[in-house]
file protein07.cif (mmCIF, C-alpha atoms)
data_run
#
loop_
_atom_site.label_atom_id
_atom_site.label_comp_id
_atom_site.auth_asym_id
_atom_site.auth_seq_id
_atom_site.Cartn_x
_atom_site.Cartn_y
_atom_site.Cartn_z
CA MET R 394 12.18 0.95 13.13
CA GLU R 395 15.35 0.71 11.00
CA SER R 396 17.56 2.18 13.71
CA GLY R 397 15.59 0.40 16.45
CA THR R 398 14.15 -3.11 16.23
CA LEU R 399 15.66 -4.01 12.85
CA SER R 400 19.16 -3.09 14.03
CA SER R 401 19.00 -5.01 17.31
CA SER R 402 20.92 -8.19 18.07
CA GLU R 403 17.63 -9.79 19.21
CA PHE R 404 16.20 -9.24 15.75
CA ALA R 405 19.32 -10.68 14.11
CA GLU R 406 18.91 -13.78 16.29
CA TRP R 407 15.15 -14.10 15.60
CA SER R 408 15.66 -13.61 11.87
CA LYS R 409 17.65 -16.85 11.60
CA SER R 410 14.29 -18.64 11.42
CA VAL R 411 13.30 -16.77 8.22
CA VAL R 412 14.78 -15.42 5.00
CA LEU R 413 15.09 -11.66 5.30
CA PHE R 414 14.26 -9.60 2.24
CA CYS R 415 14.33 -5.81 1.99
CA HIS R 416 12.77 -4.14 -1.03
CA VAL R 417 13.65 -0.53 -1.79
CA THR R 418 11.29 1.39 -4.05
CA SER R 419 13.77 3.72 -5.69
CA ARG R 420 11.98 4.94 -8.84
CA VAL R 421 15.23 4.24 -10.65
CA GLN R 422 14.01 3.02 -14.02
CA SER R 423 16.67 0.34 -14.42
CA ASP R 424 15.93 -1.25 -11.01
CA LYS R 425 14.09 -4.57 -11.17
CA HIS R 426 10.74 -5.21 -9.49
CA GLN R 427 9.92 -1.53 -8.87
CA ASP R 428 6.21 -2.42 -8.75
CA LEU R 429 6.74 -5.14 -6.14
CA LEU R 430 5.06 -3.18 -3.32
CA THR R 431 1.83 -2.97 -5.34
CA ARG R 432 2.12 -6.55 -6.55
CA LYS R 433 2.29 -7.68 -2.93
CA GLY R 434 -0.72 -5.61 -1.89
CA GLY R 435 1.08 -2.66 -0.31
CA ASN R 436 -0.05 0.94 -0.54
CA GLY R 437 2.39 2.78 1.70
CA PHE R 438 5.62 2.56 3.67
CA PRO R 439 6.83 0.84 5.68
CA TYR R 440 5.14 -2.40 4.63
CA LEU R 441 5.94 -5.74 6.21
CA ILE R 442 4.74 -9.12 4.99
CA VAL R 443 5.54 -12.80 5.19
CA MET R 444 5.72 -14.76 1.92
CA ASP R 445 6.45 -18.33 0.92
CA GLY R 446 9.17 -19.35 -1.52
CA ALA R 447 6.82 -18.80 -4.45
CA GLY R 448 6.30 -15.17 -3.42
CA THR R 449 2.75 -15.79 -2.20
CA VAL R 450 1.79 -13.35 0.56
CA LEU R 451 0.74 -15.28 3.67
CA ALA R 452 0.49 -12.49 6.25
CA ARG R 453 0.70 -8.71 6.53
CA HIS R 454 2.29 -7.28 9.64
CA ASP R 455 0.00 -4.51 10.93
CA ALA R 456 0.87 -4.75 14.62
CA ASP R 457 3.63 -3.25 16.76
CA ARG R 458 7.12 -3.43 15.30
CA THR R 459 8.55 -5.64 17.99
CA ILE R 460 10.14 -9.06 17.74
CA ALA R 461 7.26 -10.65 19.67
CA ALA R 462 4.78 -9.14 17.20
CA PHE R 463 6.92 -10.21 14.21
CA ASP R 464 6.93 -13.73 15.61
CA ALA R 465 3.14 -13.71 16.00
CA THR R 466 2.83 -12.64 12.33
CA LEU R 467 5.17 -15.45 11.31
CA LYS R 468 3.05 -17.99 13.19
CA SER R 469 -0.07 -16.53 11.56
CA ALA R 470 1.58 -16.94 8.13
CA GLU R 471 2.28 -20.60 8.86
CA LYS R 472 -1.39 -21.12 9.78
CA THR R 473 -2.54 -19.27 6.66
CA ALA R 474 -0.34 -21.45 4.45
CA LYS R 475 -2.06 -24.52 5.90
CA SER R 476 -5.51 -22.96 5.57
CA LEU R 477 -4.90 -21.91 1.94
CA ALA R 478 -3.82 -25.42 1.04
CA GLU R 479 -7.04 -26.82 2.56
CA LEU R 480 -9.23 -24.24 0.79
CA GLU R 481 -7.51 -24.93 -2.53
CA ALA R 482 -8.15 -28.66 -2.12
CA LYS R 483 -11.84 -28.11 -1.29
CA SER R 484 -12.24 -25.59 -4.14
CA ALA R 485 -10.77 -28.07 -6.58
CA GLN R 486 -13.51 -30.49 -5.50
CA GLY R 487 -16.20 -27.87 -6.31
CA ASP R 488 -16.95 -26.63 -2.78
CA ALA R 489 -18.68 -23.25 -3.42
CA ALA R 490 -18.15 -21.88 0.10
CA ALA R 491 -14.45 -22.75 -0.06
CA LYS R 492 -14.14 -20.94 -3.41
CA LYS R 493 -15.58 -17.76 -1.88
CA GLU R 494 -13.40 -17.99 1.20
CA LEU R 495 -10.34 -18.66 -0.95
CA LEU R 496 -11.02 -15.54 -3.03
CA ARG R 497 -11.61 -13.43 0.10
CA THR R 498 -8.36 -14.65 1.61
CA ARG R 499 -6.35 -14.07 -1.56
CA ILE R 500 -7.67 -10.53 -1.96
CA SER R 501 -7.05 -9.69 1.70
CA LEU R 502 -3.47 -10.93 1.42
CA GLY R 503 -2.81 -8.87 -1.71
CA GLN R 504 -2.31 -11.97 -3.83
CA LEU R 505 -4.61 -10.68 -6.60
CA ASN R 506 -4.71 -7.35 -8.41
CA PHE R 507 -7.98 -5.58 -9.28
CA GLU R 508 -8.25 -7.18 -12.72
CA GLN R 509 -7.52 -10.69 -11.43
CA ALA R 510 -9.93 -10.31 -8.49
CA SER R 511 -12.69 -8.93 -10.76
CA ALA R 512 -12.26 -11.86 -13.14
CA ALA R 513 -12.27 -14.41 -10.31
CA LEU R 514 -15.42 -12.85 -8.85
CA LYS R 515 -17.30 -13.42 -12.12
CA GLU R 516 -16.74 -17.14 -11.73
CA LEU R 517 -18.62 -17.26 -8.43
CA THR R 518 -22.34 -17.44 -7.72
CA LEU R 519 -23.05 -14.89 -5.00
CA SER R 520 -25.97 -13.55 -2.98
CA ASP R 521 -26.67 -9.79 -3.12
CA ALA R 522 -25.06 -9.32 0.31
CA GLU R 523 -21.96 -11.24 -0.77
CA LYS R 524 -21.76 -9.22 -4.00
CA ALA R 525 -21.92 -5.97 -2.01
CA ASP R 526 -19.22 -7.18 0.35
CA PHE R 527 -16.87 -8.20 -2.46
CA GLU R 528 -17.61 -4.95 -4.33
CA LYS R 529 -16.47 -2.91 -1.32
CA THR R 530 -13.19 -4.81 -1.34
CA LEU R 531 -12.74 -4.35 -5.08
CA VAL R 532 -13.26 -0.58 -4.80
CA ASN R 533 -10.43 -0.41 -2.26
CA LEU R 534 -8.25 -2.57 -4.49
CA GLU R 535 -8.91 -0.41 -7.57
CA ALA R 536 -8.19 2.84 -5.71
CA SER R 537 -5.03 1.35 -4.23
CA GLU R 538 -3.69 0.40 -7.65
CA ILE R 539 -4.46 3.81 -9.14
CA LEU R 540 -2.78 5.63 -6.24
CA ASN R 541 0.26 3.38 -6.29
CA GLY R 542 0.77 4.32 -9.95
CA VAL R 543 1.34 7.98 -9.00
CA VAL R 544 5.06 8.71 -9.38
CA SER R 545 5.06 12.07 -11.19
CA ALA R 546 2.90 15.06 -12.10
CA GLU R 547 1.85 13.32 -15.32
CA THR R 548 0.82 10.07 -13.66
CA HIS R 549 -0.92 12.10 -10.95
CA ALA R 550 -3.08 13.83 -13.56
CA ALA R 551 -3.97 10.48 -15.12
CA ALA R 552 -4.74 9.00 -11.70
CA GLY R 553 -6.93 11.99 -10.81
CA LYS R 554 -9.00 11.41 -13.93
CA ARG R 555 -9.45 7.72 -13.13
CA LEU R 556 -10.36 8.50 -9.52
CA ALA R 557 -12.94 11.05 -10.71
CA GLN R 558 -14.41 8.33 -12.93
CA MET R 559 -14.61 6.06 -9.90
CA LEU R 560 -16.36 8.80 -7.93
CA ALA R 561 -18.83 9.43 -10.76
CA ALA R 562 -19.66 5.71 -10.62
CA GLY R 563 -20.18 5.94 -6.85
CA ARG R 564 -17.01 3.95 -6.13
CA ILE R 565 -15.45 5.46 -2.98
CA PRO R 566 -12.85 3.50 -0.98
CA SER R 567 -13.81 2.62 2.58
CA GLU R 568 -10.24 2.11 3.84
CA GLU R 569 -9.04 5.23 5.66
CA GLN R 570 -5.50 4.92 4.39
CA LEU R 571 -6.72 4.98 0.79
CA ALA R 572 -9.43 7.57 1.18
CA GLY R 573 -6.94 10.39 1.91
CA GLY R 574 -5.02 9.77 -1.32
CA TYR R 575 -8.26 9.20 -3.23
CA TRP R 576 -9.72 12.59 -2.30
CA GLN R 577 -6.39 14.36 -2.92
CA GLY R 578 -6.43 12.87 -6.42
CA ILE R 579 -9.97 14.16 -6.85
CA LEU R 580 -8.80 17.66 -5.81
CA LYS R 581 -6.02 17.62 -8.42
CA HIS R 582 -8.44 16.54 -11.12
CA ALA R 583 -11.04 19.13 -10.09
CA GLU R 584 -8.37 21.86 -10.18
CA LYS R 585 -7.25 20.80 -13.64
CA GLU R 586 -10.84 20.76 -14.90
CA ALA R 587 -11.75 23.98 -13.02
CA ASP R 588 -14.60 22.05 -11.41
CA ILE R 589 -15.32 24.09 -8.28
CA ALA R 590 -18.17 21.87 -7.02
CA LEU R 591 -15.97 18.77 -7.26
CA TYR R 592 -13.08 20.57 -5.51
CA GLU R 593 -15.40 21.62 -2.66
CA ARG R 594 -16.67 18.06 -2.33
CA GLY R 595 -13.11 16.70 -2.11
CA LEU R 596 -12.09 19.30 0.43
CA THR R 597 -15.15 18.58 2.56
CA GLU R 598 -14.34 14.86 2.61
CA LEU R 599 -10.70 15.52 3.53
CA ARG R 600 -11.77 17.88 6.32
CA LYS R 601 -14.02 15.16 7.76
CA MET R 602 -11.03 12.82 7.93
CA PHE R 603 -8.10 15.07 8.81
CA GLY R 604 -9.44 18.59 9.43
CA SER R 605 -8.97 18.45 13.19
CA ASP R 606 -5.31 17.40 13.01
CA ALA R 607 -2.84 20.29 13.30
CA ARG R 608 -0.27 18.45 11.18
CA ALA R 609 -2.56 18.61 8.17
CA LYS R 610 -3.22 22.37 8.49
CA PRO R 611 -0.56 23.54 5.96
CA TYR R 612 -2.12 21.31 3.30
CA PHE R 613 -5.62 22.59 4.02
CA ASP R 614 -4.32 26.17 3.84
CA ASP R 615 -2.88 25.47 0.36
CA TRP R 616 -6.07 23.83 -0.83
CA GLU R 617 -8.19 26.73 0.47
CA LYS R 618 -5.99 29.14 -1.49
CA THR R 619 -6.39 27.02 -4.62
CA LEU R 620 -10.16 26.99 -4.16
CA GLU R 621 -10.23 30.77 -3.75
CA ALA R 622 -8.15 31.17 -6.92
CA MET R 623 -10.51 28.89 -8.82
CA ARG R 624 -13.51 30.92 -7.65
CA ALA R 625 -11.79 34.22 -8.53
CA LYS R 626 -10.90 32.96 -11.99
CA LYS R 627 -14.49 31.93 -12.65
CA GLY R 628 -15.65 35.33 -11.41
CA MET K 231 -9.39 -2.62 20.09
CA ILE K 232 -8.87 1.03 21.04
CA ARG K 233 -5.13 0.67 20.41
CA ARG K 234 -5.77 -0.90 16.99
CA ARG K 235 -8.09 2.00 16.07
CA ALA K 236 -5.51 4.53 17.22
CA VAL K 237 -2.80 2.81 15.19
CA ALA K 238 -5.09 2.74 12.14
CA ALA K 239 -5.96 6.44 12.48
CA SER K 240 -2.32 7.36 12.92
CA ALA K 241 -1.34 5.27 9.89
CA ALA K 242 -4.09 6.91 7.85
CA LEU K 243 -2.82 10.37 8.73
CA ALA K 244 0.78 9.41 8.01
CA PHE K 245 -0.26 8.04 4.63
CA PHE K 246 -2.31 11.16 3.95
CA LEU K 247 0.60 13.47 4.74
CA ALA K 248 3.05 11.37 2.71
CA GLY K 249 0.58 11.37 -0.15
CA ALA K 250 0.08 15.11 0.11
CA ALA K 251 3.81 15.67 -0.09
CA THR K 252 4.16 13.32 -3.04
CA LEU K 253 1.21 14.67 -4.91
CA SER K 254 2.19 18.28 -4.44
CA ALA K 255 5.66 17.63 -5.82
CA GLN K 256 6.01 19.41 -9.12
CA GLN K 257 9.29 17.91 -10.22
CA GLU K 258 10.61 14.36 -9.98
CA PRO K 259 14.33 14.13 -9.10
CA SER K 260 16.62 13.05 -11.94
CA GLN K 261 17.46 9.37 -12.42
CA GLU K 262 21.00 10.12 -11.26
CA GLU K 263 19.73 11.71 -8.04
CA LEU K 264 17.34 8.79 -7.46
CA ALA K 265 20.18 6.30 -7.99
CA GLN K 266 22.33 8.16 -5.44
CA ARG K 267 19.49 8.08 -2.90
CA ARG K 268 19.05 4.33 -3.52
CA THR K 269 22.76 3.67 -3.02
CA LYS K 270 22.71 5.61 0.26
CA LYS K 271 19.68 3.65 1.46
CA LEU K 272 21.36 0.34 0.69
CA GLU K 273 24.26 1.37 2.91
CA ALA K 274 21.95 1.70 5.94
CA GLN K 275 23.26 0.11 9.13
CA PHE K 276 20.23 -2.12 9.70
CA LEU K 277 20.94 -3.99 6.45
CA LYS K 278 24.33 -4.93 7.88
CA SER K 279 22.97 -6.00 11.28
CA ALA K 280 21.25 -9.15 9.97
CA ALA K 281 21.32 -11.37 6.88
CA TRP K 282 19.14 -9.21 4.62
CA SER K 283 18.87 -9.86 0.91
CA THR K 284 17.83 -7.03 -1.38
CA ASP K 285 17.53 -9.37 -4.37
CA TYR K 286 13.94 -10.60 -4.68
CA ASP K 287 14.67 -13.59 -6.90
CA ALA K 288 17.58 -14.70 -4.71
CA ALA K 289 15.45 -14.40 -1.55
CA LEU K 290 12.71 -16.61 -2.99
CA LYS K 291 15.29 -19.14 -4.19
CA LEU K 292 16.83 -19.27 -0.73
CA ALA K 293 13.39 -19.71 0.88
CA LYS K 294 12.58 -22.62 -1.43
CA GLU K 295 15.91 -24.28 -0.74
CA SER K 296 15.79 -23.77 3.03
CA GLY K 297 12.06 -24.37 3.53
CA LYS K 298 11.85 -21.08 5.46
CA LEU K 299 9.35 -18.28 4.95
CA VAL K 300 10.40 -14.83 3.71
CA PHE K 301 10.06 -11.89 6.09
CA ALA K 302 9.85 -8.90 3.73
CA TYR K 303 10.32 -5.26 4.59
CA PHE K 304 9.36 -2.67 1.98
CA THR K 305 10.89 0.77 2.22
CA ARG K 306 11.74 3.56 -0.19
CA SER K 307 14.70 5.71 -1.14
CA TYR K 308 13.11 8.23 -3.51
CA ASN K 309 11.80 10.30 -0.58
CA PRO K 310 13.31 10.79 2.86
#
call {"tool": "encode", "arguments": {"input": "protein07.cif", "output": "structure tokens"}}
result
Amino acid sequence: MESGTLSSSEFAEWSKSVVLFCHVTSRVQSDKHQDLLTRKGGNGFPYLIVMDGAGTVLARHDADRTIAAFDATLKSAEKTAKSLAELEAKSAQGDAAAKKELLRTRISLGQLNFEQASAALKELTLSDAEKADFEKTLVNLEASEILNGVVSAETHAAAGKRLAQMLAAGRIPSEEQLAGGYWQGILKHAEKEADIALYERGLTELRKMFGSDARAKPYFDDWEKTLEAMRAKKG
Amino acid sequence: MIRRRAVAASAALAFFLAGAATLSAQQEPSQEELAQRRTKKLEAQFLKSAAWSTDYDAALKLAKESGKLVFAYFTRSYNP
């Protein structure tokens, strides 16, 4: 994308209608806003969004990386800005349905972190079905935040422990992009704790998702070796 | 719909592989090495092809002043 669409003269022309901002996650400790990706709801690279001047996320770009698709995302962001303003006005007047829709929209746009979303949810009166629906979203949000905090072996160990706690509580992310990282974290934790049953469970889940893809084979080979070593050590 | 599912599956695998690489890393590069990688990234040609800002606060200020929305691209320099 960087050497293609983003470097084209057509993109340079289109971009005159927006403010272009590029954020580089560097892991350099002195760099400002290193957690910006997470704060804006991202959980991987590249990540493209449209924000307003207050930094509020109005649209995520999940489509093709073409100028036409960028433009469609921009138009969607403009509509969302209008819709959010209407929902905020209705919510302020006590409209219960608008409050729920506003929370759903804010979570989906990455405007709230897990703690903020959990707190906002407590303020709403929900049916069992609505609670279950929001809970599913919160599980994805929690897993995303834990995984985005992994920057070193130490933070990985801590994340693995938290993910294992989530699993013990039956909290498994439904988003495919998160589930891979989630189960890898579980593997690391299971290895550290010499928990063979947990390791096997993690490996089984990863196989279901990626086992048939040749590109993932080297990783599965490594994990199989680790599992064998764990079994041998236990005797 | 089929294309969207294919894109989602591909993205999931890419994320999985990136995560596997990250999580299997035993040693984080030094701060000096990370700073060098960041500097190299900021010299990328695409950043010179349009009016990109890499300063978050300045980009928001400009958006407020101009009434335009911010088109934000998140990338990384710590890994290739």
call {"tool": "resolve_selection", "arguments": {"input": "protein07.cif", "expression": "the PyMOL selection byres ((chain R and resi 433) around 10)", "output": "number ranges by chain"}}
result
R: 428-432, 434-436, 440, 442, 444, 448-450, 453, 502-506; K: 304
call {"tool": "atom_distance", "arguments": {"input": "protein07.cif", "atom1": "atom CA of Glu568 of chain R", "atom2": "atom CA of Met602 of chain R"}}
result
11.5 Å
call {"tool": "interface_residues", "arguments": {"input": "protein07.cif", "of": "chain R", "to": "chain K", "cutoff": "7 Å", "atoms": "all atoms listed in the file", "output": "PyMOL selection string"}}
result
chain R and resi 395-396+399-400+405+410-421+430+437-448+545-546+549+569-570+573-574+609
call {"tool": "write_last_selection", "arguments": {"input": "protein07.cif", "atoms": "C-alpha atoms", "output": "compact mmCIF listing (two decimals), in the frame of the given file"}}
result
# COMPACT_ATOMS: atom_id res chain seq x y z
CA GLU R 395 15.35 0.71 11.00
CA SER R 396 17.56 2.18 13.71
CA LEU R 399 15.66 -4.01 12.85
CA SER R 400 19.16 -3.09 14.03
CA ALA R 405 19.32 -10.68 14.11
CA SER R 410 14.29 -18.64 11.42
CA VAL R 411 13.30 -16.77 8.22
CA VAL R 412 14.78 -15.42 5.00
CA LEU R 413 15.09 -11.66 5.30
CA PHE R 414 14.26 -9.60 2.24
CA CYS R 415 14.33 -5.81 1.99
CA HIS R 416 12.77 -4.14 -1.03
CA VAL R 417 13.65 -0.53 -1.79
CA THR R 418 11.29 1.39 -4.05
CA SER R 419 13.77 3.72 -5.69
CA ARG R 420 11.98 4.94 -8.84
CA VAL R 421 15.23 4.24 -10.65
CA LEU R 430 5.06 -3.18 -3.32
CA GLY R 437 2.39 2.78 1.70
CA PHE R 438 5.62 2.56 3.67
CA PRO R 439 6.83 0.84 5.68
CA TYR R 440 5.14 -2.40 4.63
CA LEU R 441 5.94 -5.74 6.21
CA ILE R 442 4.74 -9.12 4.99
CA VAL R 443 5.54 -12.80 5.19
CA MET R 444 5.72 -14.76 1.92
CA ASP R 445 6.45 -18.33 0.92
CA GLY R 446 9.17 -19.35 -1.52
CA ALA R 447 6.82 -18.80 -4.45
CA GLY R 448 6.30 -15.17 -3.42
CA SER R 545 5.06 12.07 -11.19
CA ALA R 546 2.90 15.06 -12.10
CA HIS R 549 -0.92 12.10 -10.95
CA GLU R 569 -9.04 5.23 5.66
CA GLN R 570 -5.50 4.92 4.39
CA GLY R 573 -6.94 10.39 1.91
CA GLY R 574 -5.02 9.77 -1.32
CA ALA R 609 -2.56 18.61 8.17
call {"tool": "atom_distance", "arguments": {"input": "protein07.cif", "atom1": "atom CA of Asp457 of chain R", "atom2": "atom CA of Ala510 of chain R"}}
result
29.5 Å
call {"tool": "atom_distance", "arguments": {"input": "protein07.cif", "atom1": "atom CA of Arg499 of chain R", "atom2": "atom CA of Leu477 of chain R"}}
result
8.7 Å
call {"tool": "resolve_selection", "arguments": {"input": "protein07.cif", "expression": "the PyMOL selection byres ((chain R and resi 624) around 12)", "output": "count of residues only"}}
result
18
call {"tool": "resolve_selection", "arguments": {"input": "protein07.cif", "expression": "the PyMOL selection byres ((chain R and resi 581) around 9)", "output": "MDAnalysis selection string"}}
result
(chainID R and resid 549:550 553:554 576:580 582:586 592) or (chainID K and resid 253)
call {"tool": "closest_residue", "arguments": {"input": "protein07.cif", "among": "R:Ala462, R:Ala522, R:Ala452, R:Ile539", "to": "Ile500 of chain R", "atoms": "only C-alpha atoms"}}
result
R:Ala452
call {"tool": "build_atoms", "arguments": {"input": "protein07.cif", "residues": "segment 287-309 of chain K", "atoms": "N, CA, C and O atoms", "output": "PDB file, in the coordinates of the input"}}
result
ATOM      1  N   ASP K 287      14.584 -12.234  -6.346  1.00  0.00           N
ATOM      2  CA  ASP K 287      14.670 -13.590  -6.900  1.00  0.00           C
ATOM      3  C   ASP K 287      15.561 -14.487  -6.040  1.00  0.00           C
ATOM      4  O   ASP K 287      15.234 -15.657  -5.810  1.00  0.00           O
ATOM      5  N   ALA K 288      16.663 -13.914  -5.552  1.00  0.00           N
ATOM      6  CA  ALA K 288      17.580 -14.700  -4.710  1.00  0.00           C
ATOM      7  C   ALA K 288      16.919 -15.055  -3.380  1.00  0.00           C
ATOM      8  O   ALA K 288      17.103 -16.167  -2.866  1.00  0.00           O
ATOM      9  N   ALA K 289      16.126 -14.138  -2.843  1.00  0.00           N
ATOM     10  CA  ALA K 289      15.450 -14.400  -1.550  1.00  0.00           C
ATOM     11  C   ALA K 289      14.443 -15.531  -1.692  1.00  0.00           C
ATOM     12  O   ALA K 289      14.369 -16.427  -0.832  1.00  0.00           O
ATOM     13  N   LEU K 290      13.690 -15.526  -2.790  1.00  0.00           N
ATOM     14  CA  LEU K 290      12.710 -16.610  -2.990  1.00  0.00           C
ATOM     15  C   LEU K 290      13.423 -17.950  -3.184  1.00  0.00           C
ATOM     16  O   LEU K 290      12.977 -18.982  -2.665  1.00  0.00           O
ATOM     17  N   LYS K 291      14.525 -17.912  -3.928  1.00  0.00           N
ATOM     18  CA  LYS K 291      15.290 -19.140  -4.190  1.00  0.00           C
ATOM     19  C   LYS K 291      15.794 -19.722  -2.860  1.00  0.00           C
ATOM     20  O   LYS K 291      15.651 -20.928  -2.604  1.00  0.00           O
ATOM     21  N   LEU K 292      16.310 -18.840  -2.022  1.00  0.00           N
ATOM     22  CA  LEU K 292      16.830 -19.270  -0.730  1.00  0.00           C
ATOM     23  C   LEU K 292      15.707 -19.849   0.151  1.00  0.00           C
ATOM     24  O   LEU K 292      15.891 -20.848   0.859  1.00  0.00           O
ATOM     25  N   ALA K 293      14.529 -19.219   0.090  1.00  0.00           N
ATOM     26  CA  ALA K 293      13.390 -19.710   0.880  1.00  0.00           C
ATOM     27  C   ALA K 293      12.977 -21.101   0.422  1.00  0.00           C
ATOM     28  O   ALA K 293      12.690 -21.978   1.245  1.00  0.00           O
ATOM     29  N   LYS K 294      12.948 -21.294  -0.893  1.00  0.00           N
ATOM     30  CA  LYS K 294      12.580 -22.620  -1.430  1.00  0.00           C
ATOM     31  C   LYS K 294      13.586 -23.676  -0.975  1.00  0.00           C
ATOM     32  O   LYS K 294      13.222 -24.770  -0.561  1.00  0.00           O
ATOM     33  N   GLU K 295      14.848 -23.323  -1.085  1.00  0.00           N
ATOM     34  CA  GLU K 295      15.910 -24.280  -0.740  1.00  0.00           C
ATOM     35  C   GLU K 295      15.942 -24.602   0.756  1.00  0.00           C
ATOM     36  O   GLU K 295      16.188 -25.736   1.156  1.00  0.00           O
ATOM     37  N   SER K 296      15.679 -23.593   1.574  1.00  0.00           N
ATOM     38  CA  SER K 296      15.790 -23.770   3.030  1.00  0.00           C
ATOM     39  C   SER K 296      14.483 -24.201   3.692  1.00  0.00           C
ATOM     40  O   SER K 296      14.484 -24.643   4.841  1.00  0.00           O
ATOM     41  N   GLY K 297      13.364 -24.046   2.947  1.00  0.00           N
ATOM     42  CA  GLY K 297      12.060 -24.370   3.530  1.00  0.00           C
ATOM     43  C   GLY K 297      11.591 -23.307   4.524  1.00  0.00           C
ATOM     44  O   GLY K 297      10.621 -23.510   5.251  1.00  0.00           O
ATOM     45  N   LYS K 298      12.256 -22.169   4.554  1.00  0.00           N
ATOM     46  CA  LYS K 298      11.850 -21.080   5.460  1.00  0.00           C
ATOM     47  C   LYS K 298      10.906 -20.122   4.743  1.00  0.00           C
ATOM     48  O   LYS K 298      10.863 -20.079   3.512  1.00  0.00           O
ATOM     49  N   LEU K 299      10.184 -19.332   5.524  1.00  0.00           N
ATOM     50  CA  LEU K 299       9.350 -18.280   4.950  1.00  0.00           C
ATOM     51  C   LEU K 299      10.173 -16.999   4.814  1.00  0.00           C
ATOM     52  O   LEU K 299      11.208 -16.850   5.464  1.00  0.00           O
ATOM     53  N   VAL K 300       9.698 -16.101   3.952  1.00  0.00           N
ATOM     54  CA  VAL K 300      10.400 -14.830   3.710  1.00  0.00           C
ATOM     55  C   VAL K 300       9.739 -13.734   4.545  1.00  0.00           C
ATOM     56  O   VAL K 300       8.530 -13.521   4.461  1.00  0.00           O
ATOM     57  N   PHE K 301      10.547 -13.057   5.340  1.00  0.00           N
ATOM     58  CA  PHE K 301      10.060 -11.890   6.090  1.00  0.00           C
ATOM     59  C   PHE K 301      10.501 -10.672   5.270  1.00  0.00           C
ATOM     60  O   PHE K 301      11.697 -10.395   5.145  1.00  0.00           O
ATOM     61  N   ALA K 302       9.521  -9.982   4.668  1.00  0.00           N
ATOM     62  CA  ALA K 302       9.850  -8.900   3.730  1.00  0.00           C
ATOM     63  C   ALA K 302       9.515  -7.530   4.285  1.00  0.00           C
ATOM     64  O   ALA K 302       8.425  -7.316   4.816  1.00  0.00           O
ATOM     65  N   TYR K 303      10.469  -6.650   4.138  1.00  0.00           N
ATOM     66  CA  TYR K 303      10.320  -5.260   4.590  1.00  0.00           C
ATOM     67  C   TYR K 303      10.427  -4.348   3.374  1.00  0.00           C
ATOM     68  O   TYR K 303      11.428  -4.367   2.665  1.00  0.00           O
ATOM     69  N   PHE K 304       9.370  -3.587   3.125  1.00  0.00           N
ATOM     70  CA  PHE K 304       9.360  -2.670   1.980  1.00  0.00           C
ATOM     71  C   PHE K 304       9.604  -1.245   2.482  1.00  0.00           C
ATOM     72  O   PHE K 304       8.888  -0.750   3.353  1.00  0.00           O
ATOM     73  N   THR K 305      10.602  -0.627   1.888  1.00  0.00           N
ATOM     74  CA  THR K 305      10.890   0.770   2.220  1.00  0.00           C
ATOM     75  C   THR K 305      11.138   1.526   0.918  1.00  0.00           C
ATOM     76  O   THR K 305      10.943   0.984  -0.161  1.00  0.00           O
ATOM     77  N   ARG K 306      11.531   2.782   1.023  1.00  0.00           N
ATOM     78  CA  ARG K 306      11.740   3.560  -0.190  1.00  0.00           C
ATOM     79  C   ARG K 306      12.981   4.430  -0.035  1.00  0.00           C
ATOM     80  O   ARG K 306      13.400   4.735   1.090  1.00  0.00           O
ATOM     81  N   SER K 307      13.542   4.821  -1.183  1.00  0.00           N
ATOM     82  CA  SER K 307      14.700   5.710  -1.140  1.00  0.00           C
ATOM     83  C   SER K 307      14.422   7.006  -1.887  1.00  0.00           C
ATOM     84  O   SER K 307      15.175   7.953  -1.744  1.00  0.00           O
ATOM     85  N   TYR K 308      13.332   7.042  -2.671  1.00  0.00           N
ATOM     86  CA  TYR K 308      13.110   8.230  -3.510  1.00  0.00           C
ATOM     87  C   TYR K 308      12.684   9.454  -2.696  1.00  0.00           C
ATOM     88  O   TYR K 308      12.839  10.579  -3.126  1.00  0.00           O
ATOM     89  N   ASN K 309      12.185   9.227  -1.497  1.00  0.00           N
ATOM     90  CA  ASN K 309      11.800  10.300  -0.580  1.00  0.00           C
ATOM     91  C   ASN K 309      12.433  10.021   0.766  1.00  0.00           C
ATOM     92  O   ASN K 309      12.598   8.862   1.125  1.00  0.00           O
TER      93      ASN K 309
END
